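Data file: start07.tsv. Format and content: TSV, C-alpha atoms.
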chain	number	residue	atom	x	y	z
K	1	MET	CA	0.00	0.00	0.00
K	2	SER	CA	1.37	3.38	-0.84
K	3	ARG	CA	-0.10	6.73	0.00
K	4	THR	CA	-0.67	9.35	-2.62
K	5	SER	CA	0.63	12.85	-2.08
K	6	LEU	CA	-1.54	15.54	-0.58
K	7	SER	CA	-3.80	17.27	-3.04
K	8	VAL	CA	-5.46	20.66	-3.05
K	9	PRO	CA	-9.03	19.33	-3.66
K	10	GLU	CA	-8.58	16.89	-0.75
K	11	VAL	CA	-7.59	19.70	1.59
K	12	LEU	CA	-10.40	21.97	0.37
K	13	ASP	CA	-12.98	19.17	0.70
K	14	ASP	CA	-12.00	18.49	4.29
K	15	ALA	CA	-11.91	22.20	5.08
K	16	GLY	CA	-15.44	22.48	3.65
K	17	ASP	CA	-16.52	19.66	5.98
K	18	VAL	CA	-14.94	21.21	9.05
K	19	ILE	CA	-16.34	24.73	8.66
K	20	PRO	CA	-20.03	23.80	9.30
K	21	ARG	CA	-18.98	21.79	12.37
K	22	VAL	CA	-17.26	24.77	14.00
K	23	ALA	CA	-19.22	27.64	12.43
K	24	ALA	CA	-21.31	28.31	15.52
K	25	PRO	CA	-19.81	30.12	17.34
K	26	PHE	CA	-16.21	29.99	16.18
K	27	VAL	CA	-16.57	31.68	12.79
K	28	GLY	CA	-18.33	34.50	14.66
K	29	VAL	CA	-15.48	34.65	17.18
K	30	LEU	CA	-12.97	34.81	14.35
K	31	TRP	CA	-14.87	37.59	12.57
K	32	LEU	CA	-15.43	39.64	15.72
K	33	THR	CA	-11.76	39.45	16.69
K	34	ALA	CA	-10.52	40.13	13.14
K	35	LEU	CA	-12.75	43.15	12.45
K	36	PRO	CA	-10.94	45.70	14.69
K	37	LEU	CA	-7.62	44.87	13.02
K	38	ARG	CA	-8.97	45.12	9.49
K	39	LEU	CA	-10.81	48.37	10.25
K	40	ALA	CA	-7.69	49.87	11.86
K	41	GLN	CA	-5.58	48.85	8.86
K	42	ALA	CA	-8.16	50.24	6.43
K	43	GLN	CA	-8.29	53.50	8.40
K	44	PHE	CA	-4.49	53.70	8.38
K	45	VAL	CA	-4.29	53.24	4.61
K	46	ALA	CA	-7.17	55.70	4.08
K	47	HIS	CA	-5.21	58.34	6.03
K	48	LEU	CA	-2.11	57.64	3.94
K	49	ILE	CA	-4.05	57.99	0.71
K	50	ALA	CA	-5.57	61.26	1.92
K	51	LEU	CA	-2.24	62.67	3.14
K	52	LYS	CA	-0.07	61.44	0.25
K	53	GLY	CA	3.32	63.20	0.36
K	54	GLU	CA	2.33	65.08	3.54
K	55	ALA	CA	2.10	61.84	5.53
K	56	ALA	CA	5.61	62.32	6.94
K	57	HIS	CA	4.37	65.42	8.83
K	58	PHE	CA	1.71	63.39	10.66
K	59	GLY	CA	4.02	60.75	12.11
K	60	ASP	CA	2.60	60.94	15.66
K	61	ALA	CA	-1.00	60.44	14.56
K	62	LEU	CA	0.01	57.57	12.27
K	63	TRP	CA	2.13	56.03	15.05
K	64	ARG	CA	-0.89	56.06	17.42
K	65	LEU	CA	-3.04	54.43	14.76
K	66	ALA	CA	-0.32	51.85	14.06
K	67	LEU	CA	-0.11	51.07	17.78
K	68	LEU	CA	-3.88	50.64	17.87
K	69	ALA	CA	-3.61	48.27	14.90
K	70	GLY	CA	-0.87	46.39	16.78
K	71	LEU	CA	-3.14	45.90	19.80
K	72	ALA	CA	-5.96	44.80	17.50
K	73	PHE	CA	-3.48	42.35	15.98
K	74	ILE	CA	-3.11	40.60	19.37
K	75	LEU	CA	-6.89	40.21	19.60
K	76	ALA	CA	-7.02	38.90	16.01
K	77	ALA	CA	-4.20	36.45	16.75
K	78	TRP	CA	-6.13	35.15	19.76
K	79	GLY	CA	-9.24	34.70	17.60
K	80	ARG	CA	-7.23	32.86	14.96
K	81	ALA	CA	-5.66	30.55	17.54
K	82	VAL	CA	-9.08	29.75	19.04
K	83	PHE	CA	-10.55	29.08	15.58
K	84	VAL	CA	-7.69	26.77	14.61
K	85	ARG	CA	-8.08	24.89	17.90
K	86	ALA	CA	-11.80	24.52	17.22
K	87	CYS	CA	-11.03	23.22	13.71
K	88	GLY	CA	-8.64	20.71	15.29
K	89	PHE	CA	-11.48	19.40	17.49
K	90	GLY	CA	-13.75	19.29	14.45
K	91	LEU	CA	-11.19	17.29	12.46
K	92	ARG	CA	-10.99	14.69	15.22
K	93	GLY	CA	-14.76	14.27	15.06
K	94	SER	CA	-15.51	15.90	18.41
K	95	VAL	CA	-17.69	18.95	18.92
K	96	PRO	CA	-15.58	21.96	19.91
K	97	GLY	CA	-17.03	23.55	23.01
K	98	ARG	CA	-15.51	25.82	25.63
K	99	ALA	CA	-12.34	23.74	25.48
K	100	ALA	CA	-11.44	25.52	22.24
K	101	PHE	CA	-11.11	28.79	24.17
K	102	ARG	CA	-8.64	27.31	26.64
K	103	LEU	CA	-5.40	28.08	24.82
K	104	ALA	CA	-2.19	26.94	26.45
K	105	PRO	CA	-0.23	30.11	27.40
K	106	ALA	CA	2.96	28.69	25.85
K	107	ALA	CA	1.20	27.81	22.60
K	108	PHE	CA	-0.43	31.23	22.27
K	109	ALA	CA	2.72	33.15	23.24
K	110	SER	CA	4.76	31.18	20.69
K	111	TYR	CA	2.16	31.76	17.99
K	112	LEU	CA	1.90	35.47	18.77
K	113	TYR	CA	5.67	35.76	18.60
K	114	LEU	CA	5.79	33.99	15.22
K	115	ALA	CA	2.88	36.03	13.86
K	116	LEU	CA	4.60	39.26	14.93
K	117	VAL	CA	7.86	38.16	13.28
K	118	LEU	CA	5.92	37.63	10.04
K	119	GLU	CA	4.19	40.98	10.52
K	120	VAL	CA	7.58	42.71	10.85
K	121	VAL	CA	8.80	40.98	7.66
K	122	PHE	CA	5.55	41.99	5.95
K	123	TYR	CA	5.90	45.70	6.70
K	124	ALA	CA	9.62	45.64	5.91
K	125	THR	CA	9.00	44.12	2.48
K	126	VAL	CA	5.49	45.37	1.64
K	127	TRP	CA	6.88	47.63	-1.10
K	128	SER	CA	8.00	44.53	-3.02
K	129	ILE	CA	4.33	43.32	-3.30
K	130	VAL	CA	5.58	39.91	-4.55
K	131	LEU	CA	6.19	38.65	-1.03
K	132	VAL	CA	2.75	39.65	0.29
K	133	PRO	CA	0.88	36.45	-0.77
K	134	PHE	CA	3.67	34.23	0.56
K	135	LEU	CA	3.61	36.03	3.89
K	136	ALA	CA	-0.18	35.60	4.00
K	137	LEU	CA	0.38	31.89	3.44
K	138	LEU	CA	3.02	31.73	6.18
K	139	GLY	CA	0.66	33.66	8.47
K	140	ALA	CA	-2.06	31.06	7.98
K	141	LEU	CA	0.44	28.23	8.50
K	142	ALA	CA	1.70	29.92	11.66
K	143	ALA	CA	-1.86	29.98	13.01
K	144	ALA	CA	-2.47	26.38	11.94
K	145	THR	CA	0.66	25.14	13.71
K	146	SER	CA	-0.14	27.10	16.90
K	147	PRO	CA	-1.59	24.12	18.82
K	148	LEU	CA	1.66	22.21	18.23
K	149	HIS	CA	3.83	24.52	20.34
K	150	GLU	CA	4.34	22.62	23.55
K	151	ARG	CA	6.66	25.15	25.17
K	152	ALA	CA	7.38	28.83	24.72
K	153	SER	CA	10.57	29.35	22.76
K	154	LEU	CA	11.96	31.65	20.11
K	155	LEU	CA	13.14	29.03	17.61
K	156	GLY	CA	10.57	26.26	18.16
K	157	PRO	CA	7.69	28.04	16.35
K	158	VAL	CA	9.93	28.84	13.36
K	159	ARG	CA	11.08	25.22	13.16
K	160	GLN	CA	7.46	24.05	13.37
K	161	LEU	CA	6.53	26.42	10.53
K	162	LEU	CA	9.37	25.23	8.29
K	163	ARG	CA	8.59	21.58	9.04
K	164	HIS	CA	5.07	22.02	7.65
K	165	GLY	CA	6.03	24.09	4.62
K	166	ARG	CA	7.55	21.28	2.64
K	167	HIS	CA	4.63	20.50	0.30
K	168	ALA	CA	5.18	23.60	-1.82
K	169	GLY	CA	2.89	22.42	-4.65
K	170	VAL	CA	-0.12	22.03	-2.38
K	171	LEU	CA	0.57	25.30	-0.60
K	172	LEU	CA	0.91	27.20	-3.88
K	173	GLY	CA	-2.29	25.54	-5.12
K	174	LEU	CA	-4.13	26.69	-1.99
K	175	LEU	CA	-2.68	30.17	-2.39
K	176	THR	CA	-3.91	30.36	-5.98
K	177	VAL	CA	-7.39	29.10	-5.11
K	178	PHE	CA	-7.76	31.60	-2.28
K	179	ALA	CA	-6.37	34.46	-4.37
K	180	ILE	CA	-9.13	33.78	-6.89
K	181	GLY	CA	-11.59	33.39	-4.01
K	182	LEU	CA	-10.57	36.78	-2.65
K	183	LEU	CA	-11.20	38.40	-6.01
K	184	VAL	CA	-14.58	36.72	-6.36
K	185	THR	CA	-15.58	37.74	-2.81
K	186	PHE	CA	-14.47	41.31	-3.51
K	187	VAL	CA	-16.62	41.50	-6.66
K	188	ASN	CA	-19.59	39.90	-4.88
K	189	LEU	CA	-19.35	42.37	-2.01
K	190	TYR	CA	-19.23	45.27	-4.46
K	191	PHE	CA	-22.36	44.08	-6.24
K	192	ALA	CA	-24.08	43.38	-2.91
K	193	PHE	CA	-23.55	47.04	-1.94
K	194	ARG	CA	-24.70	48.26	-5.35
K	195	PHE	CA	-27.76	46.02	-5.19
K	196	GLY	CA	-28.56	47.33	-1.71
K	197	LEU	CA	-28.26	50.88	-3.04
K	198	TRP	CA	-30.54	50.06	-5.94
K	199	LEU	CA	-33.13	48.60	-3.57
K	200	ALA	CA	-32.85	51.64	-1.30
K	201	GLY	CA	-33.81	53.79	-4.28
K	202	ALA	CA	-37.24	52.16	-4.23
K	203	VAL	CA	-37.92	53.26	-0.63
K	204	PRO	CA	-40.08	56.41	-0.63
K	205	GLY	CA	-38.43	59.41	1.04
K	206	LEU	CA	-34.95	57.88	0.95
K	207	ASP	CA	-32.44	59.66	-1.25
K	208	PRO	CA	-29.62	57.31	-2.28
K	209	GLY	CA	-27.84	60.19	-4.06
K	210	PRO	CA	-25.10	60.83	-1.43
K	211	TRP	CA	-24.49	57.07	-1.12
K	212	GLU	CA	-24.16	56.80	-4.87
K	213	LEU	CA	-20.96	58.85	-4.58
K	214	ARG	CA	-19.66	56.96	-1.57
K	215	LEU	CA	-20.28	53.44	-2.83
K	216	ARG	CA	-18.23	53.59	-6.02
K	217	PHE	CA	-14.69	52.74	-6.98
K	218	GLY	CA	-13.71	56.40	-7.00
K	219	ASN	CA	-13.98	56.43	-3.20
K	220	PRO	CA	-10.79	54.86	-1.73
K	221	ARG	CA	-12.44	54.23	1.65
K	222	PHE	CA	-15.15	52.14	-0.02
K	223	VAL	CA	-12.53	50.10	-1.91
K	224	LEU	CA	-10.56	49.59	1.32
K	225	MET	CA	-13.70	48.43	3.12
K	226	LEU	CA	-14.42	46.00	0.28
K	227	ILE	CA	-10.89	44.58	0.55
K	228	ALA	CA	-11.18	44.33	4.36
K	229	GLY	CA	-14.62	42.72	4.02
K	230	ALA	CA	-13.39	40.19	1.45
K	231	ILE	CA	-10.44	39.23	3.68
K	232	VAL	CA	-12.64	38.85	6.76
K	233	ALA	CA	-15.24	36.81	4.84
K	234	LEU	CA	-12.66	34.43	3.42
K	235	GLU	CA	-10.51	34.10	6.55
K	236	PRO	CA	-12.40	31.13	8.12
K	237	TYR	CA	-11.97	29.07	4.93
K	238	TRP	CA	-8.36	30.10	4.58
K	239	LEU	CA	-7.53	29.13	8.16
K	240	ALA	CA	-9.56	25.92	7.98
K	241	ALA	CA	-7.69	24.89	4.82
K	242	ALA	CA	-4.34	25.62	6.49
K	243	THR	CA	-5.40	23.64	9.58
K	244	VAL	CA	-6.50	20.68	7.46
K	245	TYR	CA	-3.21	20.82	5.55
K	246	VAL	CA	-1.14	20.81	8.76
K	247	HIS	CA	-3.32	18.07	10.22
K	248	LYS	CA	-2.84	15.92	7.11
K	249	VAL	CA	0.92	16.44	6.97
K	250	ARG	CA	1.21	15.61	10.66
K	251	SER	CA	-1.14	12.65	10.67
K	252	ARG	CA	0.59	11.06	7.68
K	253	GLY	CA	3.84	11.15	9.62
K	254	THR	CA	2.39	9.55	12.73
K	255	GLY	CA	-0.17	7.14	11.26
K	256	GLU	CA	-3.05	9.11	12.76
K	257	ASP	CA	-4.73	9.20	9.36
K	258	LEU	CA	-5.10	5.41	9.48
K	259	ARG	CA	-6.49	5.56	13.01
K	260	LEU	CA	-9.03	8.20	11.95
K	261	TRP	CA	-9.96	6.15	8.91
K	262	PHE	CA	-10.59	3.07	11.07
K	263	GLU	CA	-12.65	5.20	13.46
K	264	ARG	CA	-14.78	6.48	10.58
K	265	LEU	CA	-15.13	2.92	9.28
K	266	ARG	CA	-16.36	1.76	12.68
K	267	GLN	CA	-18.83	4.64	12.89
K	268	HIS	CA	-20.06	3.77	9.41
K	269	GLU	CA	-20.63	0.16	10.40
K	270	ALA	CA	-22.34	1.21	13.61
K	271	ALA	CA	-24.91	3.13	11.60
K	272	ALA	CA	-26.32	-0.21	10.44
K	273	CYS	CA	-29.90	0.94	10.33
K	274	ALA	CA	-29.14	3.25	7.44
K	275	PRO	CA	-29.17	1.73	3.93
K	276	ALA	CA	-25.80	0.37	2.91
K	277	GLY	CA	-23.68	2.84	1.01
K	278	PRO	CA	-20.02	3.12	0.08
K	279	GLY	CA	-17.78	3.35	3.14
K	280	PRO	CA	-15.21	6.06	3.68
K	281	SER	CA	-12.33	5.87	1.29
K	282	PRO	CA	-8.93	4.89	2.76
K	283	PRO	CA	-6.28	7.59	3.08
K	284	TRP	CA	-3.85	5.73	0.80
K	285	ARG	CA	-6.18	5.82	-2.25
U	1	MET	CA	5.46	4.42	15.70
U	2	ALA	CA	5.87	8.19	16.01
U	3	CYS	CA	9.61	8.07	15.30
U	4	ARG	CA	9.13	5.44	12.54
U	5	ARG	CA	11.41	2.97	14.31
U	6	VAL	CA	10.46	-0.70	14.24
U	7	VAL	CA	9.55	-1.84	17.75
U	8	CYS	CA	7.51	-4.90	18.77
U	9	GLN	CA	3.98	-4.32	20.00
U	10	GLU	CA	4.89	-5.18	23.60
U	11	CYS	CA	7.53	-2.44	23.66
U	12	ALA	CA	5.23	0.24	22.24
U	13	THR	CA	2.84	2.35	24.28
U	14	THR	CA	-0.28	3.65	22.59
U	15	TRP	CA	-1.15	7.20	23.56
U	16	ASP	CA	-3.79	9.27	21.86
U	17	GLY	CA	-3.98	6.61	19.15
U	18	ILE	CA	-0.27	6.83	18.31
U	19	HIS	CA	2.37	4.23	19.20
U	20	TYR	CA	5.36	5.58	21.09
U	21	CYS	CA	8.68	3.94	21.97
U	22	VAL	CA	10.40	4.56	25.32
U	23	ASP	CA	12.52	7.42	23.97
U	24	CYS	CA	9.56	9.17	22.35
U	25	LEU	CA	7.52	8.82	25.54
U	26	ALA	CA	10.36	10.30	27.59
U	27	GLN	CA	10.59	13.17	25.13
U	28	ARG	CA	6.88	13.87	25.45
U	29	ARG	CA	7.13	13.72	29.24
U	30	ARG	CA	9.97	16.25	29.21
U	31	ALA	CA	7.94	18.49	26.92
U	32	ALA	CA	4.93	18.22	29.24
U	33	GLU	CA	7.08	19.10	32.24
U	34	GLY	CA	8.47	22.09	30.40
U	35	ARG	CA	5.01	23.41	29.62
U	36	THR	CA	4.98	25.56	32.72
U	37	SER	CA	8.39	27.05	31.96
U	38	TRP	CA	7.88	30.65	33.06
U	39	ALA	CA	11.34	31.68	31.89
U	40	GLY	CA	10.46	30.71	28.31
U	41	LEU	CA	7.14	32.54	28.57
U	42	ILE	CA	8.82	35.71	29.86
U	43	VAL	CA	11.44	35.64	27.08
U	44	VAL	CA	8.79	35.12	24.40
U	45	GLY	CA	6.58	37.78	26.03
U	46	LEU	CA	9.42	40.31	25.96
U	47	ALA	CA	10.16	39.43	22.34
U	48	CYS	CA	6.47	40.00	21.55
U	49	VAL	CA	6.51	43.47	23.15
U	50	LEU	CA	9.63	44.42	21.16
U	51	LEU	CA	8.17	43.02	17.96
U	52	LEU	CA	4.90	44.87	18.55
U	53	ALA	CA	6.78	48.16	18.84
U	54	ALA	CA	8.85	47.28	15.75
U	55	THR	CA	5.67	46.39	13.83
U	56	ALA	CA	4.09	49.76	14.63
U	57	ARG	CA	7.30	51.62	13.66
U	58	LEU	CA	7.65	49.67	10.41
U	59	MET	CA	3.96	50.13	9.60
U	60	VAL	CA	4.39	53.92	9.82
U	61	TRP	CA	7.70	53.86	7.93
U	62	ALA	CA	6.33	51.67	5.12
U	63	GLY	CA	3.11	53.68	4.97
U	64	VAL	CA	4.85	57.05	4.80
U	65	THR	CA	7.32	55.74	2.19
U	66	LEU	CA	4.58	54.35	-0.03
U	67	ALA	CA	2.36	57.42	0.48
U	68	GLY	CA	5.24	59.57	-0.75
U	69	LEU	CA	5.11	57.71	-4.06
U	70	LEU	CA	1.39	58.49	-4.60
Reformat the file's structure so that it appears as structure tokens.
Amino acid sequence: MSRTSLSVPEVLDDAGDVIPRVAAPFVGVLWLTALPLRLAQAQFVAHLIALKGEAAHFGDALWRLALLAGLAFILAAWGRAVFVRACGFGLRGSVPGRAAFRLAPAAFASYLYLALVLEVVFYATVWSIVLVPFLALLGALAAATSPLHERASLLGPVRQLLRHGRHAGVLLGLLTVFAIGLLVTFVNLYFAFRFGLWLAGAVPGLDPGPWELRLRFGNPRFVLMLIAGAIVALEPYWLAAATVYVHKVRSRGTGEDLRLWFERLRQHEAAACAPAGPGPSPPWR
Amino acid sequence: MACRRVVCQECATTWDGIHYCVDCLAQRRRAAEGRTSWAGLIVVGLACVLLLAATARLMVWAGVTLAGLL
């Protein structure tokens, strides 16, 4: 018996299965904790666009906003860690309850440290643009490996991240799929706003005129909100896919995939009252 | 076996559905004991504070630099 390599559809399928299991309340937790960060970042960029070349004269105000974004980043990191933990419970077939909120201090501190390192690299290289998607990928992997940090250390989280970044083909495939997904979500959000505006025009006494100017591509704040909204909407799927990927890489190394397959097989047999159907496919298909 | 070594069934201990040899079990025990390492937590915490300040500084620097190009 030989196992096939990991594949992008396999990871996406499993991520699609996990999301409904953890959606209530963990997708909400993820969104609520991510929103302050995205809004602070959008506000920061909006200020920069408004100030243009004069931005250097408003360093103090920008610094305060950046610090606020930094604090929001800690909250968002906590939300991500909780969501990944919940996905981990979901992948093992158990219902994630309050246990998902109980993050080990060492695991969270290590993850926060790694996420901040990536954030520093991101801002230091943001002008290159090319590195941005790869850093987004590493950010998701950092969150997905967060439950694996058994002790707080400076090198351990980096080693854990590198250990799980070996399947470059799958990771690039996921990156491509989610880049397209981001674009599609962005366009959908835009049309949702335009549709809402069109509907509002039918309400007597409501003048959509001022909103017509605000909700168009000419308004940078609207575009920034669309980008922030698309990122927030897609984040649960992105993190779930990264968690599934890490889980698969890890379980293939330890044989846990076989154990889970046998467990599913037993559950399938136990449901004898249901009409016979094809059993779960083995992981070495 | 977690470490992929060949060990007979009697010598392996199953934990959380995974077979472990004596060395792997000892390693896990050491890791579990080290979980409450406050020194590690303090070092990582300090690194996080420094990185947070560096992130904010870099965010402003990158923002101002890019805004100057607009």
Nearby residues (all atoms listed in the file) at most 8 Å from Tyr123 of chain K, same-chain spacing under 2 positions excluded, as an NGL selection string: (:K and (119-121 or 125-126)) or (:U and (55 or 58-59 or 62))
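We find atom CA of Ala144 of chain K and atom CA of Leu30 of chain K to be spaced 13.7 Å apart.
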Residues near segment 222-235 of chain K, cut-off 9 Å, only C-alpha atoms, skip fewer than 4 positions along chain, as a list of chain:residue names: K:Leu30, K:Trp31, K:Ala34, K:Leu35, K:Arg38, K:Leu39, K:Gln41, K:Ala42, K:Gln43, K:Val45, K:Ala46, K:Phe178, K:Gly181, K:Leu182, K:Leu183, K:Val184, K:Thr185, K:Phe186, K:Val187, K:Asn188, K:Leu189, K:Tyr190, K:Arg214, K:Leu215, K:Arg216, K:Phe217, K:Gly218, K:Leu239, K:Ala240
Non-local contacts of Arg5 of chain U (12 Å; only C-alpha atoms; under 6 positions in same chain excluded) as a list in words: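 Counting only C-alpha atoms, the residues come to Thr254 of chain K; Cys11, Ala12, His19, Tyr20, Cys21, Val22, Asp23 and Cys24 of chain U.
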Output C-alpha atoms of each residue in that selection to a file, as a PDB file, in the frame of the given file.
ATOM      1  CA  THR K 254       2.390   9.550  12.730  1.00  0.00           C
TER       2      THR K 254
ATOM      3  CA  CYS U  11       7.530  -2.440  23.660  1.00  0.00           C
ATOM      4  CA  ALA U  12       5.230   0.240  22.240  1.00  0.00           C
ATOM      5  CA  HIS U  19       2.370   4.230  19.200  1.00  0.00           C
ATOM      6  CA  TYR U  20       5.360   5.580  21.090  1.00  0.00           C
ATOM      7  CA  CYS U  21       8.680   3.940  21.970  1.00  0.00           C
ATOM      8  CA  VAL U  22      10.400   4.560  25.320  1.00  0.00           C
ATOM      9  CA  ASP U  23      12.520   7.420  23.970  1.00  0.00           C
ATOM     10  CA  CYS U  24       9.560   9.170  22.350  1.00  0.00           C
TER      11      CYS U  24
END
Selected residue, from K:Leu32, K:Lys52, K:Pro25, K:Ser7, that lies nearest to Leu69 of chain U when counting all atoms listed in the file: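 Closest residue, counting all atoms listed in the file: K:Lys52.
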One-decimal distance in Å that lies between atom CA of Ala241 of chain K and atom CA of Gly156 of chain K: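 So the answer is 22.7 Å.
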Point-to-point distance from atom CA of Ala61 of chain K to atom CA of Ala67 of chain U, Å rounded to tenths: 14.8 Å
At most 8 Å to chain U: residues in chain K, only C-alpha atoms, as number ranges by chain: K: 45, 48-49, 51-56, 59, 62-63, 66-67, 69-70, 105-106, 109-110, 112-113, 116-117, 119-120, 123-124, 126-127, 150-154, 253-256, 259
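Here the question is which of K:Pro147, K:Gly93, K:Gly196, K:Gly201 gets nearest to Trp78 of chain K using all atoms listed in the file, and that residue is K:Pro147.
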Residues near segment 168-177 of chain K, cut-off 10 Å, only C-alpha atoms, skip fewer than 4 positions along chain, as a ChimeraX atom specification: /K:5-9,11-12,133-134,136-138,141,164,181-182,238,241-242,245
Would you fill out segment 21-28 of chain U with all heavy atoms and return it as a PDB file, in the frame of the given file?
ATOM      1  N   CYS U  21       7.634   4.757  21.345  1.00  0.00           N
ATOM      2  CA  CYS U  21       8.680   3.940  21.970  1.00  0.00           C
ATOM      3  C   CYS U  21       9.098   4.639  23.266  1.00  0.00           C
ATOM      4  O   CYS U  21       8.623   5.731  23.568  1.00  0.00           O
ATOM      5  CB  CYS U  21       9.865   3.776  21.026  1.00  0.00           C
ATOM      6  SG  CYS U  21      10.722   5.304  20.692  1.00  0.00           S
ATOM      7  N   VAL U  22      10.002   4.022  24.014  1.00  0.00           N
ATOM      8  CA  VAL U  22      10.400   4.560  25.320  1.00  0.00           C
ATOM      9  C   VAL U  22      10.996   5.965  25.167  1.00  0.00           C
ATOM     10  O   VAL U  22      10.657   6.884  25.922  1.00  0.00           O
ATOM     11  CB  VAL U  22      11.422   3.606  25.982  1.00  0.00           C
ATOM     12  CG1 VAL U  22      11.936   4.196  27.285  1.00  0.00           C
ATOM     13  CG2 VAL U  22      10.789   2.266  26.238  1.00  0.00           C
ATOM     14  N   ASP U  23      11.850   6.123  24.168  1.00  0.00           N
ATOM     15  CA  ASP U  23      12.520   7.420  23.970  1.00  0.00           C
ATOM     16  C   ASP U  23      11.514   8.521  23.643  1.00  0.00           C
ATOM     17  O   ASP U  23      11.599   9.637  24.153  1.00  0.00           O
ATOM     18  CB  ASP U  23      13.555   7.323  22.848  1.00  0.00           C
ATOM     19  CG  ASP U  23      14.713   6.436  23.242  1.00  0.00           C
ATOM     20  OD1 ASP U  23      14.883   6.219  24.459  1.00  0.00           O
ATOM     21  OD2 ASP U  23      15.422   5.956  22.337  1.00  0.00           O
ATOM     22  N   CYS U  24      10.568   8.180  22.752  1.00  0.00           N
ATOM     23  CA  CYS U  24       9.560   9.170  22.350  1.00  0.00           C
ATOM     24  C   CYS U  24       8.689   9.553  23.543  1.00  0.00           C
ATOM     25  O   CYS U  24       8.320  10.719  23.708  1.00  0.00           O
ATOM     26  CB  CYS U  24       8.687   8.639  21.228  1.00  0.00           C
ATOM     27  SG  CYS U  24       9.548   8.539  19.670  1.00  0.00           S
ATOM     28  N   LEU U  25       8.345   8.539  24.367  1.00  0.00           N
ATOM     29  CA  LEU U  25       7.520   8.820  25.540  1.00  0.00           C
ATOM     30  C   LEU U  25       8.259   9.743  26.504  1.00  0.00           C
ATOM     31  O   LEU U  25       7.667  10.681  27.051  1.00  0.00           O
ATOM     32  CB  LEU U  25       7.175   7.513  26.258  1.00  0.00           C
ATOM     33  CG  LEU U  25       5.855   6.855  25.901  1.00  0.00           C
ATOM     34  CD1 LEU U  25       5.635   5.643  26.778  1.00  0.00           C
ATOM     35  CD2 LEU U  25       4.678   7.810  26.056  1.00  0.00           C
ATOM     36  N   ALA U  26       9.556   9.462  26.694  1.00  0.00           N
ATOM     37  CA  ALA U  26      10.360  10.300  27.590  1.00  0.00           C
ATOM     38  C   ALA U  26      10.433  11.726  27.064  1.00  0.00           C
ATOM     39  O   ALA U  26      10.348  12.680  27.833  1.00  0.00           O
ATOM     40  CB  ALA U  26      11.766   9.709  27.710  1.00  0.00           C
ATOM     41  N   GLN U  27      10.528  11.843  25.760  1.00  0.00           N
ATOM     42  CA  GLN U  27      10.590  13.170  25.130  1.00  0.00           C
ATOM     43  C   GLN U  27       9.295  13.942  25.382  1.00  0.00           C
ATOM     44  O   GLN U  27       9.307  15.123  25.708  1.00  0.00           O
ATOM     45  CB  GLN U  27      10.812  12.978  23.640  1.00  0.00           C
ATOM     46  CG  GLN U  27      11.414  14.187  22.946  1.00  0.00           C
ATOM     47  CD  GLN U  27      11.634  13.907  21.466  1.00  0.00           C
ATOM     48  OE1 GLN U  27      11.731  12.762  21.039  1.00  0.00           O
ATOM     49  NE2 GLN U  27      11.708  14.958  20.696  1.00  0.00           N
ATOM     50  N   ARG U  28       8.179  13.235  25.232  1.00  0.00           N
ATOM     51  CA  ARG U  28       6.880  13.870  25.450  1.00  0.00           C
ATOM     52  C   ARG U  28       6.721  14.270  26.916  1.00  0.00           C
ATOM     53  O   ARG U  28       6.145  15.295  27.232  1.00  0.00           O
ATOM     54  CB  ARG U  28       5.749  12.926  25.045  1.00  0.00           C
ATOM     55  CG  ARG U  28       5.563  12.836  23.550  1.00  0.00           C
ATOM     56  CD  ARG U  28       4.219  12.261  23.216  1.00  0.00           C
ATOM     57  NE  ARG U  28       3.137  13.217  23.428  1.00  0.00           N
ATOM     58  CZ  ARG U  28       2.736  14.096  22.526  1.00  0.00           C
ATOM     59  NH1 ARG U  28       3.289  14.146  21.352  1.00  0.00           N
ATOM     60  NH2 ARG U  28       1.762  14.921  22.800  1.00  0.00           N
TER      61      ARG U  28
END
